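Peer 1: Got a structure for you, questions after.
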Number of protein chains: 2
Amino acid sequence: MKTTTTIDKIAGFVDREVTLSGWLYNKRESKKLQFLQIRDGTGIIQAIVSIKDVDEETWSAGQSLTQESSLYITGTVSKHPKRDEYELQVKSGGINIIQVTEDYPITPKDHGTGYLFEHRHLWLRSQKPWALLRIRSEVIQAIRTFFYEDGYLAFDSPMFTPSAVEGTTTLFNVDYFGETAFLTQSGQLYGEAGAMAHRKIVVFGPTFRAEKSKTRRHLTEFWMIEPEVAFFDLEDNFELMERMTMYVIEWVLDKCRKELEILERDTSLLEKIKLPFIRMHYDDAVKELNELRKKAGINEEFEWGGDLGSPDETMLTEAHENPIFLHHFPREIKAFYMAPDPDDERVSLSVDMLAPEGYGEIIGGGQRADDEKYVIEQIKKHDLPQEAFEWFLDLRRYGTNPHGGFGLGLERLVAWLAGVQSIRGCIPFPRTIEKVYP
Amino acid sequence: MKTTTTIDKIAGFVDREVTLSGWLYNKRESKKLQFLQIRDGTGIIQAIVSIKDVDEETWSAGQSLTQESSLYITGTVSKHPKRDEYELQVKSGGINIIQVTEDYPITPKDHGTGYLFEHRHLWLRSQKPWALLRIRSEVIQAIRTFFYEDGYLAFDSPMFTPSAVEGTTTLFNVDYFGETAFLTQSGQLYGEAGAMAHRKIVVFGPTFRAEKSKTRRHLTEFWMIEPEVAFFDLEDNFELMERMTMYVIEWVLDKCRKELEILERDTSLLEKIKLPFIRMHYDDAVKELNELRKKAGINEEFEWGGDLGSPDETMLTEAHENPIFLHHFPREIKAFYMAPDPDDERVSLSVDMLAPEGYGEIIGGGQRADDEKYVIEQIKKHDLPQEAFEWFLDLRRYGTNPHGGFGLGLERLVAWLAGVQSIRGCIPFPRTIEKVYP
């Protein structure tokens with residue numbers, strides 16, 4: 001009987017004959033030996049074809065293989081005497097070609113990033129994108145598991161919404177049977193309704209921003225994780241963010257060693273992270289930023305009341321090994337639903353978590369305004385249409401309570417953990433202002 | 001020190017004093033006793049206020065409570081002598097009201113479905129919607145766990161796409177920076193690219209259909225689970241669907257007993273389901289349908305080549321206890337990417353899984369056409385723009401192989417397992433042709 005398996009399970013088949021299915025990733029050959037790098041989606045293995053062991057047909061089948069040719073390959077598994085590596089000694093008749101691929105567009109030589117993203121559907125097969133999306137998948141599972149184990153209900157907020165969450169300039173319009181609907185920018189508002197029903201919920205889905213920025217930190221379509229909890233304050237938020245972040249870091253360090261190595265990630269920087277994270281009041285951040293600016297020879301002062309730009313976040317986070325909770329932002333620069341600080345009317349009960357190494361904001365959250373009148377005032381101040389938010393106001397009319405939560409950008413988290421520069425590679429098919437194909 | 005907890009953990013606090021936070025769900029009162037039904041999102045508990053045990057202030061606080069008032073409540077936990085139920089004996093000073101709610105729109109009396117969906121953001125708090133969305137959450141976790149444990153990579157396909165999967169009439173158009181993009185109808189095509197890179201992937205996200213049907217089986221926005229696997233045929237598909245379905249059924253029966261009881265689900269019908277599921281060739285389904293029609297006094301014959309309507313699926317599934325794999329549909333009624341049967345050119349290597357009790361189709365899948373020429377022919381036949389599918393054709397040009405997978409509609413699955421008539425309550429905020437608010 002033929003034993004078929006996959007490369008991730010190969011260690012269980014030493015000295016046995018198995019059949020793999022996959023693609024030729026690369027090859028080297030001499031007059032007497034062919035070294036075929038076979039990938040099957042779960043990993044890569046070297047298959048060796050020796051002219052003295054196989055018939056002519058098998059030898060020439062091996063010769064005919066081009067990059068990304070698909071095949072079934074049969075041979076005996078052996079283990080490298082020293083390293084944890086396995087090889088396949090191919091036997092006669094052991095190469096069954098499905099398709100000899102011609103002119104595969106991505107060769108082992110260097111291509112530009114633009115070219116590679118145009119061929120994203122194929123580039124996914126290359127080692128680095130492959131490793132990066134495996135890390136994304138593990139991060140997703142880690143987050144799902146964390147919240148499930150902690151008693152959170154998975155609660156999907158709608159994609160089609162009648163209203164904007166943070167202003168209308170970055171909304172995508174959809175023709176909804178002749179009317180206009182908007183694509184959701186955040187599931188939080190609906191998450192609040194969920195929290196009033198289920199106490200602890202987490203929204204996990206795509207969100208959309210028609211942002212024209214072309215930076216490596218922006219996508220028009222990205223995934224957000226948004227826990228929302230009733231009877232929950234700013235302090236609870238700190239605790240939840242810390243616990244979740246540590247959980248995901250440990251998960252990734254545990255399960256993604258091979259992938260982090262492929263990406264040449266310096267994992268010691270992740271291993272150094274310890275609880276508690278740094279807590280920095282906005283007032284203190286302003287002071288520290290101005291000191292850092294001075295040191296860096298920047299004359300312009302960062303003024304109280306301003307929002308931190310990417311360069312500010314980079315400067316601040318490069319100065320610390322641990323993530324930073326930047327809290328109590330001025331009310332003016334935060335969303336309309338953020339709770340005001342009862343002890344300091346200038347600021348809100350808000351917090352951003354900035355990742356180290358210059359990665360900057362990956363989480364934004366806080367306690368929500370729970371007073372109906374205050375929220376109405378803010379809706380007016382932000383020029384939002386109140387009628388679209390009547391249901392949201394109902395949450396303040398009927399059994400209001402202190403509640404809160406946060407929004408975590410999945411791709412930004414993955415970029416940080418994997419140590420890559422751009423978030424574009426952290427999602428299978430990135431969408432930007434210029435790119436909706438493939 | 002004050003001990004705060006939640007109702008789901010109350011069994012660990014018998015004879016101890018605890019503080020809960022939540023809302024008044026309902027109450028009964030006499031001259032000497034108040035019975036307060038308190039909900040906190042995790043469950044409901046009865047709190048008893050006795051006039052002889054509390055001071056006047058606490059008694060009148062209890063009196064002032066209206067439906068959905070929010071409060072903190074402190075008392076001693078006791079267990080019902082016979083049943084697995086707990087009560088809270090409220091102490092003096094034990095009622096701290098956050099908000100006395102006025103005129104809560106959903107009273108214990110009956111409201112119409114239309115009215116309830118208009119107040120969906122509040123209706124979520126009622127017992128049945130609460131139970132149903134808890135089941136949804138468990139089903140999500142079951143599916144995620146199943147695929148993760150089985151080695152599938154979570155692979156998100158894009159929401160913005162340049163092309164239609166199953167014809168353009170049911171596509172939503174988005175204004176994408178002045179150009180038109182479409183909202184995805186299915187993640188499968190992108191999932192195929194993922195399968196060629198990672199072998200086993202699963203797409204799990206929202207999908208969109210601008211369907212004008214108002215049936216209880218249609219939403220404009222719904223969630224799909226779409227595994228896709230390289231080197232995978234129709235037989236593998238049967239096996240995967242069976243195994244996943246049984247896993248989810250067992251998970252729900254294990255974790256959702258209380259919720260199924262609230263929904264008055266006859267769980268014996270789920271417990272009866274056994275492997276293997278029924279396999280029925282399309283040819284045989286035509287015969288059986290015509291016999292069933294005859295029995296039901298319907299004169300019109302179901303003709304070979306037609307697609308099964310909802311009434312047909314209902315009739316067929318009500319005649320069997322187990323789910324039915326209806327396979328080898330005529331090529332003409334299946335999507336352009338479905339593989340033709342090499343042994344019977346009339347039909348495709350396709351399969352729908354129909355759920356029992358009249359629920360009908362909840363999964364559709366099959367083996368994919370892997371021959372470039374055949375796919376081009378089909379794209380033309382279906383009047384689709386080939387240039388939008390060039391990347392998809394690349395998957396057939398570079399290392400093609402037999403591959404397949406399926407699409408499972410989450411809300412339909414939840415409706416069946418929970419035993420509810422309409423899928424609208426199986427998602428927090430259903431979207432239909434008429435409804436995009438709240």
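We name chains A, B, ... following the order of the structure tokens; residues begin at 1 in each chain, and ligands are numbered from 1 as shown.
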For chain A against chain B, which residues fall within 6 Å using only C-alpha atoms, given as number ranges by chain?

Peer 2: A: 41, 68-70, 99, 101, 121, 124-125, 137, 153-154, 158, 173-175, 193, 197-199, 398-399, 429

Peer 1: Name the residues of region 193-385 of chain A that come out as strand (DSSP E) in a backbone DSSP run; write them as a ChimeraX atom specification.

Peer 2: /A:200-208,221-230,278-281,324-327,340-341,344-348,350-355,360-367

Peer 1: Can you pull out the residues contacting Leu263 (chain A)? Cut-off 8 Å, using only C-alpha atoms, and skip same-chain residues under 2 positions away; I want them as a PDB file with C-alpha atoms, in the first residue's frame.

Peer 2:
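Dumped to part.pdb:
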ATOM      1  CA  LYS A 128       9.164  34.804   3.283  1.00  0.00           C
ATOM      2  CA  ALA A 131       6.369  32.325   6.760  1.00  0.00           C
ATOM      3  CA  LEU A 132       4.756  35.709   7.393  1.00  0.00           C
ATOM      4  CA  GLU A 259       8.997  31.192  10.568  1.00  0.00           C
ATOM      5  CA  LEU A 260      10.711  33.893  12.652  1.00  0.00           C
ATOM      6  CA  GLU A 261      14.053  32.438  11.579  1.00  0.00           C
ATOM      7  CA  ARG A 265      13.550  38.252  13.268  1.00  0.00           C
ATOM      8  CA  ALA A 418       7.386  39.281  12.725  1.00  0.00           C
ATOM      9  CA  GLY A 419       9.702  42.274  12.611  1.00  0.00           C
ATOM     10  CA  VAL A 420       8.783  43.389   9.103  1.00  0.00           C
TER      11      VAL A 420
END

Peer 1: Out of region 144-368 of chain B, which residues get alpha helix (DSSP H) from DSSP, as a PyMOL selection string?

Peer 2: chain B and resi 144-149+188-198+234-255+257-262+268-271+282-295+310-318

Peer 1: Go through B:Leu408, B:Ala355, B:Lys91, B:Ser422 one by one, measure the shortest atom-to-atom distance of each to Thr58 (chain B) using only C-alpha atoms, and give the residue with the smallest value.

Peer 2: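 Of B:Leu408, B:Ala355, B:Lys91, B:Ser422, the one nearest Thr58 (chain B), counting only C-alpha atoms, is B:Lys91.
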
Peer 1: Please list as a PyMOL selection string every residue within 12 Å of Glu271 (chain A), counting only C-alpha atoms and excluding residues in the same chain fewer than 5 positions away.

Peer 2: chain A and resi 246+249-254+265-266+321-322+417

Peer 1: With all heavy atoms retained, export the selected residues as a short mmCIF file (atom, residue, chain, number, x, y, z; two decimals), in the first residue's frame.

Peer 2:
data_model
loop_
_atom_site.label_atom_id
_atom_site.label_comp_id
_atom_site.auth_asym_id
_atom_site.auth_seq_id
_atom_site.Cartn_x
_atom_site.Cartn_y
_atom_site.Cartn_z
N MET A 246 0.86 39.81 26.07
CA MET A 246 1.82 38.82 26.53
C MET A 246 1.45 37.43 26.05
O MET A 246 2.31 36.63 25.67
CB MET A 246 1.90 38.83 28.07
CG MET A 246 2.64 40.01 28.66
SD MET A 246 4.31 40.30 27.99
CE MET A 246 5.21 38.93 28.70
N ILE A 249 2.43 37.18 22.36
CA ILE A 249 3.89 37.11 22.20
C ILE A 249 4.39 35.71 22.54
O ILE A 249 5.17 35.11 21.79
CB ILE A 249 4.59 38.16 23.10
CG1 ILE A 249 4.32 39.57 22.60
CG2 ILE A 249 6.10 37.90 23.16
CD1 ILE A 249 4.84 40.67 23.52
N GLU A 250 3.92 35.17 23.67
CA GLU A 250 4.39 33.85 24.09
C GLU A 250 3.95 32.76 23.10
O GLU A 250 4.71 31.84 22.81
CB GLU A 250 3.90 33.54 25.51
CG GLU A 250 4.77 34.26 26.54
CD GLU A 250 4.12 34.38 27.92
OE1 GLU A 250 3.17 33.64 28.22
OE2 GLU A 250 4.58 35.25 28.70
N TRP A 251 2.74 32.89 22.60
CA TRP A 251 2.23 31.93 21.60
C TRP A 251 3.13 31.91 20.37
O TRP A 251 3.54 30.86 19.88
CB TRP A 251 0.79 32.30 21.24
CG TRP A 251 0.09 31.39 20.29
CD1 TRP A 251 0.40 31.17 18.98
CD2 TRP A 251 -1.07 30.58 20.55
NE1 TRP A 251 -0.48 30.29 18.41
CE2 TRP A 251 -1.40 29.90 19.35
CE3 TRP A 251 -1.87 30.37 21.68
CZ2 TRP A 251 -2.49 29.04 19.25
CZ3 TRP A 251 -2.96 29.51 21.57
CH2 TRP A 251 -3.26 28.85 20.37
N VAL A 252 3.42 33.11 19.87
CA VAL A 252 4.20 33.22 18.64
C VAL A 252 5.63 32.71 18.87
O VAL A 252 6.19 31.99 18.03
CB VAL A 252 4.19 34.67 18.12
CG1 VAL A 252 5.23 34.89 17.02
CG2 VAL A 252 2.79 35.00 17.58
N LEU A 253 6.22 33.06 19.99
CA LEU A 253 7.57 32.56 20.29
C LEU A 253 7.58 31.05 20.42
O LEU A 253 8.55 30.38 20.05
CB LEU A 253 8.11 33.20 21.59
CG LEU A 253 8.54 34.66 21.47
CD1 LEU A 253 8.90 35.21 22.85
CD2 LEU A 253 9.73 34.84 20.52
N ASP A 254 6.48 30.50 20.90
CA ASP A 254 6.38 29.06 21.07
C ASP A 254 6.16 28.33 19.74
O ASP A 254 6.77 27.31 19.47
CB ASP A 254 5.22 28.76 22.04
CG ASP A 254 5.02 27.27 22.27
OD1 ASP A 254 6.03 26.55 22.33
OD2 ASP A 254 3.86 26.83 22.37
N ARG A 265 14.02 37.43 12.16
CA ARG A 265 13.55 38.25 13.27
C ARG A 265 14.50 38.11 14.45
O ARG A 265 14.84 36.98 14.82
CB ARG A 265 12.15 37.79 13.67
CG ARG A 265 11.55 38.45 14.93
CD ARG A 265 11.37 39.90 14.71
NE ARG A 265 10.49 40.57 15.67
CZ ARG A 265 10.82 41.72 16.27
NH1 ARG A 265 11.99 42.29 16.03
NH2 ARG A 265 9.96 42.31 17.07
N ASP A 266 14.90 39.22 15.05
CA ASP A 266 15.66 39.18 16.29
C ASP A 266 14.67 38.94 17.43
O ASP A 266 14.06 39.87 17.95
CB ASP A 266 16.41 40.51 16.48
CG ASP A 266 17.19 40.52 17.80
OD1 ASP A 266 17.10 39.55 18.56
OD2 ASP A 266 17.88 41.52 18.05
N GLU A 321 12.17 49.51 25.85
CA GLU A 321 12.11 48.12 25.39
C GLU A 321 10.70 47.55 25.46
O GLU A 321 10.34 46.67 24.70
CB GLU A 321 13.02 47.25 26.28
CG GLU A 321 14.48 47.35 25.88
CD GLU A 321 15.37 46.43 26.71
OE1 GLU A 321 14.85 45.77 27.64
OE2 GLU A 321 16.56 46.36 26.41
N ASN A 322 9.91 48.04 26.40
CA ASN A 322 8.57 47.53 26.62
C ASN A 322 7.54 48.36 25.84
O ASN A 322 7.80 49.52 25.54
CB ASN A 322 8.24 47.64 28.12
CG ASN A 322 8.20 46.28 28.80
OD1 ASN A 322 8.39 45.25 28.17
ND2 ASN A 322 7.96 46.30 30.10
N LEU A 417 5.42 41.73 15.54
CA LEU A 417 5.88 40.43 16.03
C LEU A 417 6.85 39.77 15.04
O LEU A 417 7.85 39.19 15.43
CB LEU A 417 4.70 39.51 16.32
CG LEU A 417 3.77 40.00 17.44
CD1 LEU A 417 2.58 39.06 17.59
CD2 LEU A 417 4.51 40.11 18.78
#

Peer 1: For a test of reading the model, state the distance in Å between CA of Thr3 (chain A) and CA of Phe146 (chain B), rounded to one decimal.

Peer 2: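 Taking CA of Thr3 (chain A) and CA of Phe146 (chain B), their separation equals 24.3 Å.
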
Peer 1: Tell me, in Å to one decimal, how far CA of Gly309 (chain B) is from CA of Ile362 (chain B).

Peer 2: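 Spanning CA of Gly309 (chain B) to CA of Ile362 (chain B) is a straight-line distance of 13.4 Å.
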